[in-house]
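Q: Got a file for you: my_file23.pdb, PDB, C-alpha atoms.
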ATOM      1  CA  MET A 109       0.000   0.000   0.000
ATOM      2  CA  SER A 110       1.414   3.405  -0.950
ATOM      3  CA  ASP A 111       2.111   5.978   1.759
ATOM      4  CA  GLU A 112       1.755   8.773  -0.751
ATOM      5  CA  SER A 113      -1.061  11.238   0.006
ATOM      6  CA  PRO A 114      -3.836  11.378  -2.583
ATOM      7  CA  VAL A 115      -4.048  15.153  -2.038
ATOM      8  CA  THR A 116      -1.738  17.283  -4.142
ATOM      9  CA  PRO A 117       0.040  19.892  -1.936
ATOM     10  CA  ASN A 118      -0.892  23.475  -2.677
ATOM     11  CA  PRO A 119       2.241  25.178  -4.062
ATOM     12  CA  TRP A 120       0.929  28.543  -2.803
ATOM     13  CA  SER A 121       0.789  27.486   0.865
ATOM     14  CA  GLN A 122       4.132  29.044   1.741
ATOM     15  CA  TRP A 123       3.181  32.356   0.149
ATOM     16  CA  ARG A 124      -0.209  32.407   1.860
ATOM     17  CA  SER A 125       1.380  31.914   5.273
ATOM     18  CA  ALA A 126       3.199  35.238   4.833
ATOM     19  CA  THR A 127       0.173  37.444   4.074
ATOM     20  CA  PRO A 128      -3.487  37.778   5.050
ATOM     21  CA  ALA A 129      -4.308  38.721   1.431
ATOM     22  CA  ARG A 130      -6.814  36.484  -0.313
ATOM     23  CA  LEU A 131      -4.629  34.900  -2.973
ATOM     24  CA  ALA A 132      -4.539  31.512  -4.741
ATOM     25  CA  LEU A 133      -7.984  30.549  -3.457
ATOM     26  CA  GLY A 134      -8.264  27.574  -5.762
ATOM     27  CA  ARG A 135     -11.513  26.219  -7.163
ATOM     28  CA  ALA A 136     -13.896  23.333  -6.880
ATOM     29  CA  GLY A 137     -15.481  22.893 -10.282
ATOM     30  CA  SER A 138     -16.628  26.359 -11.317
ATOM     31  CA  GLY A 139     -16.737  27.709  -7.750
ATOM     32  CA  MET A 140     -14.446  28.279  -4.775
ATOM     33  CA  PRO A 141     -13.569  25.472  -2.354
ATOM     34  CA  THR A 142     -15.842  25.168   0.662
ATOM     35  CA  ASP A 143     -13.185  26.209   3.184
ATOM     36  CA  GLU A 144     -12.490  29.435   1.260
ATOM     37  CA  THR A 145     -16.202  30.174   0.994
ATOM     38  CA  LEU A 146     -16.517  29.768   4.766
ATOM     39  CA  ARG A 147     -13.462  31.955   5.432
ATOM     40  CA  PHE A 148     -14.897  34.692   3.216
ATOM     41  CA  GLY A 149     -18.227  34.535   5.055
ATOM     42  CA  TRP A 150     -16.492  34.751   8.422
ATOM     43  CA  ALA A 151     -14.349  37.736   7.352
ATOM     44  CA  HIS A 152     -17.392  39.521   5.930
ATOM     45  CA  ALA A 153     -19.339  38.919   9.155
ATOM     46  CA  MET A 154     -16.444  40.310  11.246
ATOM     47  CA  ALA A 155     -16.353  43.455   9.104
ATOM     48  CA  ARG A 156     -20.120  43.974   9.407
ATOM     49  CA  ASP A 157     -20.028  43.411  13.171
ATOM     50  CA  ALA A 158     -17.199  45.934  13.550
ATOM     51  CA  ILE A 159     -19.308  48.581  11.787
ATOM     52  CA  HIS A 160     -22.573  47.934  13.592
ATOM     53  CA  ALA A 161     -21.417  46.994  17.106
ATOM     54  CA  ALA A 162     -21.895  49.764  19.669
ATOM     55  CA  LEU A 163     -18.838  51.103  21.455
ATOM     56  CA  ASP A 164     -18.762  50.298  25.195
ATOM     57  CA  VAL A 165     -18.246  53.892  26.297
ATOM     58  CA  ASP A 166     -18.332  53.069  30.018
ATOM     59  CA  ALA A 167     -15.530  50.499  29.725
ATOM     60  CA  LEU A 168     -13.417  52.820  27.585
ATOM     61  CA  ALA A 169     -13.925  55.753  29.956
ATOM     62  CA  ALA A 170     -12.990  53.569  32.942
ATOM     63  CA  ALA A 171      -9.784  52.404  31.238
ATOM     64  CA  LEU A 172      -8.813  55.984  30.390
ATOM     65  CA  THR A 173      -9.563  57.173  33.912
ATOM     66  CA  ALA A 174      -7.348  54.406  35.265
ATOM     67  CA  GLN A 175      -4.522  55.944  33.212
ATOM     68  CA  ARG A 176      -5.321  59.313  34.835
ATOM     69  CA  TRP A 177      -6.880  60.893  31.765
ATOM     70  CA  GLU A 178      -9.770  63.261  32.363
ATOM     71  CA  VAL A 179     -12.694  62.039  30.262
ATOM     72  CA  ALA A 180     -15.712  63.766  28.726
ATOM     73  CA  ARG A 181     -18.434  62.251  26.546
ATOM     74  CA  ALA A 182     -20.210  63.488  23.457
ATOM     75  CA  ARG A 183     -22.189  62.316  20.460
ATOM     76  CA  SER A 184     -22.756  63.582  16.966
ATOM     77  CA  ARG A 185     -26.063  64.743  15.492
ATOM     78  CA  ALA A 186     -26.649  61.301  13.978
ATOM     79  CA  ALA A 187     -29.414  59.832  16.106
ATOM     80  CA  ASP A 188     -28.502  56.165  15.537
ATOM     81  CA  ARG A 189     -26.244  53.899  13.505
ATOM     82  CA  THR A 190     -28.552  53.818  10.498
ATOM     83  CA  GLU A 191     -28.640  57.603  10.242
ATOM     84  CA  TYR A 192     -24.885  57.739  10.856
ATOM     85  CA  LEU A 193     -24.217  55.481   7.862
ATOM     86  CA  ARG A 194     -26.693  57.277   5.613
ATOM     87  CA  ARG A 195     -25.828  60.852   6.649
ATOM     88  CA  PRO A 196     -22.045  61.321   6.991
ATOM     89  CA  ASP A 197     -22.588  65.065   7.369
ATOM     90  CA  LEU A 198     -24.389  64.560  10.702
ATOM     91  CA  GLY A 199     -21.473  62.518  12.023
ATOM     92  CA  ARG A 200     -19.236  65.555  11.535
ATOM     93  CA  GLN A 201     -21.360  67.805  13.772
ATOM     94  CA  LEU A 202     -21.690  67.770  17.546
ATOM     95  CA  ASP A 203     -25.033  67.310  19.189
ATOM     96  CA  GLU A 204     -26.154  70.808  20.221
ATOM     97  CA  ASP A 205     -26.560  69.980  23.917
ATOM     98  CA  ASP A 206     -23.129  68.327  24.042
ATOM     99  CA  ALA A 207     -21.564  71.296  22.275
ATOM    100  CA  THR A 208     -23.004  73.637  24.924
ATOM    101  CA  ARG A 209     -21.752  71.395  27.737
ATOM    102  CA  LEU A 210     -18.233  71.062  26.314
ATOM    103  CA  LEU A 211     -18.037  74.815  25.763
ATOM    104  CA  ALA A 212     -18.765  75.271  29.468
ATOM    105  CA  GLU A 213     -15.801  72.993  30.248
ATOM    106  CA  ARG A 214     -13.466  74.911  27.926
ATOM    107  CA  ARG A 215      -9.815  75.038  28.949
ATOM    108  CA  TYR A 216      -8.222  78.174  27.619
ATOM    109  CA  GLY A 217      -4.759  77.751  26.211
ATOM    110  CA  CYS A 218      -4.699  73.938  26.086
ATOM    111  CA  ASP A 219      -2.208  72.450  23.669
ATOM    112  CA  VAL A 220      -3.895  69.197  22.666
ATOM    113  CA  CYS A 221      -7.470  67.953  22.460
ATOM    114  CA  VAL A 222      -7.774  64.174  22.008
ATOM    115  CA  VAL A 223     -11.064  62.845  20.626
ATOM    116  CA  ILE A 224     -11.791  59.117  20.455
ATOM    117  CA  GLY A 225     -14.538  58.366  17.938
ATOM    118  CA  ASP A 226     -16.169  55.018  17.251
ATOM    119  CA  GLY A 227     -16.110  55.690  13.494
ATOM    120  CA  LEU A 228     -16.637  52.644  11.324
ATOM    121  CA  SER A 229     -15.069  50.147  13.730
ATOM    122  CA  SER A 230     -15.832  50.239  17.443
ATOM    123  CA  LEU A 231     -13.690  47.100  17.699
ATOM    124  CA  ALA A 232     -10.593  49.063  16.672
ATOM    125  CA  VAL A 233     -11.249  51.734  19.288
ATOM    126  CA  ALA A 234     -11.933  49.208  22.051
ATOM    127  CA  ARG A 235      -8.718  47.312  21.323
ATOM    128  CA  HIS A 236      -6.173  49.990  20.458
ATOM    129  CA  ALA A 237      -7.106  53.489  21.713
ATOM    130  CA  VAL A 238      -6.055  52.972  25.334
ATOM    131  CA  PRO A 239      -2.690  51.278  24.582
ATOM    132  CA  LEU A 240      -1.910  53.993  22.049
ATOM    133  CA  LEU A 241      -2.512  56.837  24.514
ATOM    134  CA  ALA A 242      -0.518  54.984  27.168
ATOM    135  CA  ALA A 243       2.435  54.819  24.776
ATOM    136  CA  LEU A 244       1.977  58.430  23.632
ATOM    137  CA  ARG A 245       2.043  60.377  26.876
ATOM    138  CA  PRO A 246       5.675  59.577  27.908
ATOM    139  CA  GLN A 247       6.919  60.772  24.506
ATOM    140  CA  LEU A 248       5.471  64.279  24.857
ATOM    141  CA  PRO A 249       6.879  67.135  26.946
ATOM    142  CA  ALA A 250       5.814  66.886  30.589
ATOM    143  CA  ASP A 251       4.235  70.353  30.454
ATOM    144  CA  THR A 252       1.897  69.494  27.533
ATOM    145  CA  ARG A 253      -1.568  70.810  28.407
ATOM    146  CA  PHE A 254      -4.415  68.445  27.519
ATOM    147  CA  ALA A 255      -8.120  69.116  27.268
ATOM    148  CA  PRO A 256     -10.306  66.292  28.595
ATOM    149  CA  VAL A 257     -10.251  63.252  26.321
ATOM    150  CA  VAL A 258     -13.620  63.264  24.553
ATOM    151  CA  VAL A 259     -15.177  59.870  23.789
ATOM    152  CA  ALA A 260     -17.594  60.502  20.922
ATOM    153  CA  THR A 261     -20.169  58.157  19.425
ATOM    154  CA  GLN A 262     -21.544  58.123  15.862
ATOM    155  CA  ALA A 263     -18.442  60.170  15.047
ATOM    156  CA  ARG A 264     -16.691  61.093  11.813
ATOM    157  CA  VAL A 265     -13.166  62.505  11.562
ATOM    158  CA  ALA A 266     -14.232  66.153  11.274
ATOM    159  CA  LEU A 267     -16.077  65.995  14.591
ATOM    160  CA  ALA A 268     -12.707  66.626  16.252
ATOM    161  CA  ASP A 269     -12.526  70.002  14.481
ATOM    162  CA  GLU A 270     -15.565  71.275  16.342
ATOM    163  CA  VAL A 271     -14.497  69.736  19.657
ATOM    164  CA  GLY A 272     -11.003  71.199  19.363
ATOM    165  CA  GLU A 273     -12.439  74.602  18.479
ATOM    166  CA  LEU A 274     -14.717  74.546  21.519
ATOM    167  CA  PHE A 275     -11.773  73.783  23.805
ATOM    168  CA  GLY A 276      -9.551  76.352  22.122
ATOM    169  CA  ALA A 277      -6.893  73.699  21.466
ATOM    170  CA  ALA A 278      -3.835  74.328  19.351
ATOM    171  CA  LEU A 279      -3.974  70.768  18.074
ATOM    172  CA  SER A 280      -6.656  68.091  17.793
ATOM    173  CA  VAL A 281      -5.928  64.367  17.652
ATOM    174  CA  MET A 282      -8.727  62.102  16.469
ATOM    175  CA  LEU A 283      -8.437  58.365  17.125
ATOM    176  CA  ILE A 284     -11.139  56.648  15.095
ATOM    177  CA  GLY A 285     -12.130  53.231  13.818
ATOM    178  CA  GLU A 286     -11.351  52.894  10.119
ATOM    179  CA  ARG A 287     -13.551  51.245   7.518
ATOM    180  CA  PRO A 288     -13.023  47.487   8.024
ATOM    181  CA  GLY A 289     -11.451  45.326   5.357
ATOM    182  CA  LEU A 290     -11.984  41.601   4.999
ATOM    183  CA  SER A 291      -8.708  40.965   6.812
ATOM    184  CA  SER A 292      -8.652  44.038   9.068
ATOM    185  CA  PRO A 293     -11.850  44.624  11.061
ATOM    186  CA  ASP A 294      -9.958  46.380  13.878
ATOM    187  CA  SER A 295      -7.858  49.025  12.140
ATOM    188  CA  LEU A 296      -7.470  52.331  14.011
ATOM    189  CA  GLY A 297      -6.785  55.635  12.261
ATOM    190  CA  ILE A 298      -5.225  58.802  13.717
ATOM    191  CA  TYR A 299      -5.889  62.296  12.342
ATOM    192  CA  LEU A 300      -3.916  65.342  13.430
ATOM    193  CA  THR A 301      -5.176  68.906  12.781
ATOM    194  CA  HIS A 302      -3.514  72.176  13.806
ATOM    195  CA  THR A 303      -5.816  75.019  14.917
ATOM    196  CA  PRO A 304      -8.945  72.846  14.634
ATOM    197  CA  LYS A 305     -12.137  74.578  13.619
ATOM    198  CA  ARG A 306     -15.233  73.756  11.632
ATOM    199  CA  GLY A 307     -14.605  73.773   7.909
ATOM    200  CA  ARG A 308     -11.128  72.263   7.939
ATOM    201  CA  HIS A 309     -10.508  69.930   4.994
ATOM    202  CA  ASP A 310      -8.461  66.760   4.635
ATOM    203  CA  ALA A 311      -5.448  68.471   3.054
ATOM    204  CA  GLU A 312      -4.993  70.269   6.383
ATOM    205  CA  ARG A 313      -4.592  67.030   8.349
ATOM    206  CA  ASN A 314      -1.946  64.380   8.846
ATOM    207  CA  CYS A 315      -3.043  60.761   9.007
ATOM    208  CA  ILE A 316      -1.516  57.624  10.533
ATOM    209  CA  SER A 317      -3.392  54.535   9.387
ATOM    210  CA  ASN A 318      -3.704  50.809  10.097
ATOM    211  CA  VAL A 319      -2.815  50.881  13.790
ATOM    212  CA  ARG A 320      -3.168  47.247  14.850
ATOM    213  CA  PRO A 321      -0.788  44.413  15.734
ATOM    214  CA  GLU A 322      -0.764  43.147  12.130
ATOM    215  CA  GLY A 323      -0.085  46.658  10.822
ATOM    216  CA  LEU A 324       1.525  49.493  12.811
ATOM    217  CA  SER A 325       1.956  48.670  16.497
ATOM    218  CA  SER A 326       0.682  51.046  19.188
ATOM    219  CA  GLU A 327       4.264  51.857  20.222
ATOM    220  CA  ALA A 328       5.394  52.671  16.682
ATOM    221  CA  ALA A 329       2.225  54.683  15.997
ATOM    222  CA  ALA A 330       2.675  56.625  19.250
ATOM    223  CA  PHE A 331       6.249  57.498  18.260
ATOM    224  CA  LYS A 332       5.125  58.766  14.849
ATOM    225  CA  LEU A 333       2.240  60.690  16.391
ATOM    226  CA  ALA A 334       4.410  62.308  19.079
ATOM    227  CA  TRP A 335       6.941  63.372  16.441
ATOM    228  CA  LEU A 336       4.219  64.894  14.266
ATOM    229  CA  MET A 337       2.641  66.640  17.261
ATOM    230  CA  ARG A 338       5.914  68.217  18.332
ATOM    231  CA  GLU A 339       6.678  69.372  14.778
ATOM    232  CA  SER A 340       3.130  70.642  14.294
ATOM    233  CA  LEU A 341       3.255  72.775  17.429
ATOM    234  CA  ARG A 342       6.717  74.035  16.484
ATOM    235  CA  LYS A 343       5.809  74.944  12.885
ATOM    236  CA  GLY A 344       2.179  75.921  13.471
ATOM    237  CA  LEU A 345       0.681  73.682  10.777
ATOM    238  CA  THR A 346      -0.454  70.236   9.726
ATOM    239  CA  GLY A 347      -1.414  68.669   6.417
ATOM    240  CA  VAL A 348       0.500  68.846   3.141
ATOM    241  CA  GLY A 349       2.995  71.275   4.668
ATOM    242  CA  LEU A 350       4.063  68.845   7.398
ATOM    243  CA  LYS A 351       5.958  65.800   6.148
ATOM    244  CA  ASP A 352       6.388  62.723   8.317
ATOM    245  CA  GLU A 353      10.151  62.407   8.749
ATOM    246  CA  SER A 354       9.981  60.468  11.995
ATOM    247  CA  ASP A 355      11.888  57.579  10.414
ATOM    248  CA  LEU A 356      14.882  59.884  10.017
ATOM    249  CA  ALA A 357      14.647  60.734  13.695
ATOM    250  CA  VAL A 358      14.794  57.015  14.507
ATOM    251  CA  LEU A 359      17.965  56.593  12.456
ATOM    252  CA  GLU A 360      19.583  59.648  14.042
ATOM    253  CA  GLN A 361      18.772  58.430  17.540
ATOM    254  CA  ARG A 362      20.150  54.966  16.824
ATOM    255  CA  GLU A 363      23.345  56.410  15.410
ATOM    256  CA  ALA A 364      23.756  58.699  18.411
ATOM    257  CA  ARG A 365      23.140  55.803  20.793
ATOM    258  CA  ALA A 366      25.648  53.433  19.152
ATOM    259  CA  PRO A 367      27.528  54.821  16.123
ATOM    260  CA  GLY A 368      28.248  52.248  13.454
ATOM    261  CA  LEU A 369      26.253  49.461  15.103
ATOM    262  CA  PRO A 370      23.287  48.544  12.859
ATOM    263  CA  GLY A 371      21.595  46.568  15.615
ATOM    264  CA  SER A 372      21.303  49.406  18.109
ATOM    265  CA  LYS A 373      17.765  50.495  18.986
ATOM    266  CA  ALA A 374      16.492  53.730  20.478
ATOM    267  CA  PHE A 375      12.868  53.320  19.420
ATOM    268  CA  PRO A 376      10.567  50.498  18.305
ATOM    269  CA  ASP A 377      10.972  49.332  14.736
ATOM    270  CA  GLN A 378       8.668  51.234  12.403
TER     271      GLN A 378
END
Would you mind writing the file's structure down as structure tokens?
A:
Amino acid sequence: MSDESPVTPNPWSQWRSATPARLALGRAGSGMPTDETLRFGWAHAMARDAIHAALDVDALAAALTAQRWEVARARSRAADRTEYLRRPDLGRQLDEDDATRLLAERRYGCDVCVVIGDGLSSLAVARHAVPLLAALRPQLPADTRFAPVVVATQARVALADEVGELFGAALSVMLIGERPGLSSPDSLGIYLTHTPKRGRHDAERNCISNVRPEGLSSEAAAFKLAWLMRESLRKGLTGVGLKDESDLAVLEQREARAPGLPGSKAFPDQ
């Protein structure tokens, strides 16, 4: 009796182990194999759940408070998830009552206003927002003045413009769940805007994308963000005029720490 397997090995297996991309799916007759059909269904369900699942604001606020962040809450003018998905414009505007309340809590002269928005993936926010802020704070000057961290629901990126304007912040930082992909339902995005105010457009922002263990780690993202924040406050701008040269800073720090030694590390790998 032959010990040879009747199943022909898939020559793409080694390539597929190196990437989550959907490649070399194979076929069964005129359709996909059953296991690939099931994997696609699972990935699609994860993406849909990430969009529709409600953010646990209480748990997030408790975790931030434990890190000694002052926390405020807000919501956009989108009444529910259905309206949020159908009316992006409402997700960019603060609820009127919340706007009045935040204005009453205004901190004059604050440097940074951090807004955490559920966006299109509450899963991303729940998993990565707290570790990111924990990694960020030690990399900023000790005298950095923060407004309360605002946890916002049914939020779009531009909501941070209005929040930052209400607090009179020099800089707004929006942490928000990005649109899920079939292999990335928990991707967090970061948007940085100098002198935030209503009417800012995307060319006036800097973006750090795909913050997740399989993409950009929280530590590496925090380093990039801290570098951009320091440069933004120094130059008085964000957007197309502010280039991300944080990788050069990494190389300079490594060289200063151990000249000529390629293995020396001052910061996490980017």
Q: For Arg306 in chain A, which of A:Leu248, A:Leu350, A:Ala169, A:Leu267 is the closest residue, counting all atoms listed in the file?
A: A:Leu267
Q: Any chance you could resolve the PyMOL selection byres ((chain A and resi 192-195) around 12) against this file and give the residues as number ranges by chain?
A: A: 159-160, 183-191, 196-201, 226-228, 261-264, 287
Q: Would you put the residues from that selection into a file with C-alpha atoms, as an mmCIF file, keeping the file's coordinate frame?
A:
data_model
loop_
_atom_site.group_PDB
_atom_site.id
_atom_site.type_symbol
_atom_site.label_atom_id
_atom_site.label_comp_id
_atom_site.auth_asym_id
_atom_site.auth_seq_id
_atom_site.Cartn_x
_atom_site.Cartn_y
_atom_site.Cartn_z
ATOM 1 C CA ILE A 159 -19.308 48.581 11.787
ATOM 2 C CA HIS A 160 -22.573 47.934 13.592
ATOM 3 C CA ARG A 183 -22.189 62.316 20.460
ATOM 4 C CA SER A 184 -22.756 63.582 16.966
ATOM 5 C CA ARG A 185 -26.063 64.743 15.492
ATOM 6 C CA ALA A 186 -26.649 61.301 13.978
ATOM 7 C CA ALA A 187 -29.414 59.832 16.106
ATOM 8 C CA ASP A 188 -28.502 56.165 15.537
ATOM 9 C CA ARG A 189 -26.244 53.899 13.505
ATOM 10 C CA THR A 190 -28.552 53.818 10.498
ATOM 11 C CA GLU A 191 -28.640 57.603 10.242
ATOM 12 C CA PRO A 196 -22.045 61.321 6.991
ATOM 13 C CA ASP A 197 -22.588 65.065 7.369
ATOM 14 C CA LEU A 198 -24.389 64.560 10.702
ATOM 15 C CA GLY A 199 -21.473 62.518 12.023
ATOM 16 C CA ARG A 200 -19.236 65.555 11.535
ATOM 17 C CA GLN A 201 -21.360 67.805 13.772
ATOM 18 C CA ASP A 226 -16.169 55.018 17.251
ATOM 19 C CA GLY A 227 -16.110 55.690 13.494
ATOM 20 C CA LEU A 228 -16.637 52.644 11.324
ATOM 21 C CA THR A 261 -20.169 58.157 19.425
ATOM 22 C CA GLN A 262 -21.544 58.123 15.862
ATOM 23 C CA ALA A 263 -18.442 60.170 15.047
ATOM 24 C CA ARG A 264 -16.691 61.093 11.813
ATOM 25 C CA ARG A 287 -13.551 51.245 7.518
#
Q: Which residues are near Ala234 in chain A? Cut-off 8 Å, only C-alpha atoms, ignore same chain within fewer than 2 positions. Put them as a PyMOL selection string.
A: chain A and resi 163-164+168+230-232+236-238
Q: Could you pull the residues within 12 Å of Gly349 in chain A, counting only C-alpha atoms, minus those fewer than 2 positions along the same chain, as number ranges by chain?
A: A: 301-302, 311-314, 336, 339-340, 343-347, 351-352
Q: State, in Å with one decimal place, the distance from CA of Asp143 in chain A to CA of Gly285 in chain A.
A: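 Between these atoms lies a distance of 29.1 Å.
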Q: A:Ala129, A:Met282, A:Val233, A:Ala182: which is nearest Leu210 in chain A, counting only C-alpha atoms?
A: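 Closest to Leu210 in chain A, using only C-alpha atoms: A:Ala182.
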Q: Between CA of Pro293 in chain A and CA of Leu172 in chain A, what is the distance, to one decimal in Å?
A: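 A separation of 22.6 Å between them.
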Q: Would you compute the distance between CA of Ala268 in chain A and CA of Thr173 in chain A? Give it in Å to one decimal.
A: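 These two atoms are separated by 20.3 Å.
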Q: Would you list the contacts of Ser325 in chain A as an mmCIF file with C-alpha atoms, in the coordinates of the input, taking every protein, DNA or RNA residue within 12 Å and counting all atoms listed in the file, but skipping same-chain residues closer than 4 positions in sequence?
A:
data_model
loop_
_atom_site.group_PDB
_atom_site.id
_atom_site.type_symbol
_atom_site.label_atom_id
_atom_site.label_comp_id
_atom_site.auth_asym_id
_atom_site.auth_seq_id
_atom_site.Cartn_x
_atom_site.Cartn_y
_atom_site.Cartn_z
ATOM 1 C CA ARG A 235 -8.718 47.312 21.323
ATOM 2 C CA HIS A 236 -6.173 49.990 20.458
ATOM 3 C CA ALA A 237 -7.106 53.489 21.713
ATOM 4 C CA PRO A 239 -2.690 51.278 24.582
ATOM 5 C CA LEU A 240 -1.910 53.993 22.049
ATOM 6 C CA ALA A 243 2.435 54.819 24.776
ATOM 7 C CA SER A 295 -7.858 49.025 12.140
ATOM 8 C CA LEU A 296 -7.470 52.331 14.011
ATOM 9 C CA GLY A 297 -6.785 55.635 12.261
ATOM 10 C CA ILE A 316 -1.516 57.624 10.533
ATOM 11 C CA SER A 317 -3.392 54.535 9.387
ATOM 12 C CA ASN A 318 -3.704 50.809 10.097
ATOM 13 C CA VAL A 319 -2.815 50.881 13.790
ATOM 14 C CA ARG A 320 -3.168 47.247 14.850
ATOM 15 C CA PRO A 321 -0.788 44.413 15.734
ATOM 16 C CA ALA A 329 2.225 54.683 15.997
ATOM 17 C CA ALA A 330 2.675 56.625 19.250
ATOM 18 C CA PHE A 331 6.249 57.498 18.260
ATOM 19 C CA LYS A 332 5.125 58.766 14.849
ATOM 20 C CA PRO A 376 10.567 50.498 18.305
ATOM 21 C CA ASP A 377 10.972 49.332 14.736
ATOM 22 C CA GLN A 378 8.668 51.234 12.403
#
Q: Can you work out which one of A:Val257, A:Ala155, A:Leu333, A:Val348 has the shortest atom-to-atom distance to Ala171 in chain A, counting only C-alpha atoms?
A: A:Val257
Q: Rank A:Gly307, A:Pro256, A:Gly289, A:Pro246 by their smallest atom-to-atom distance to Glu178 in chain A, using all atoms listed in the file, and report the top residue only.
A: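 With all atoms listed in the file as the atom set, the closest residue is A:Pro256.
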Q: Check which residues satisfy the PyMOL selection byres ((chain A and resi 276) around 7) in the file shown, then give them as an mmCIF file with C-alpha atoms, in the frame of the given file.
A:
data_model
loop_
_atom_site.group_PDB
_atom_site.id
_atom_site.type_symbol
_atom_site.label_atom_id
_atom_site.label_comp_id
_atom_site.auth_asym_id
_atom_site.auth_seq_id
_atom_site.Cartn_x
_atom_site.Cartn_y
_atom_site.Cartn_z
ATOM 1 C CA ARG A 215 -9.815 75.038 28.949
ATOM 2 C CA TYR A 216 -8.222 78.174 27.619
ATOM 3 C CA GLY A 217 -4.759 77.751 26.211
ATOM 4 C CA CYS A 218 -4.699 73.938 26.086
ATOM 5 C CA GLY A 272 -11.003 71.199 19.363
ATOM 6 C CA GLU A 273 -12.439 74.602 18.479
ATOM 7 C CA LEU A 274 -14.717 74.546 21.519
ATOM 8 C CA PHE A 275 -11.773 73.783 23.805
ATOM 9 C CA ALA A 277 -6.893 73.699 21.466
ATOM 10 C CA ALA A 278 -3.835 74.328 19.351
#
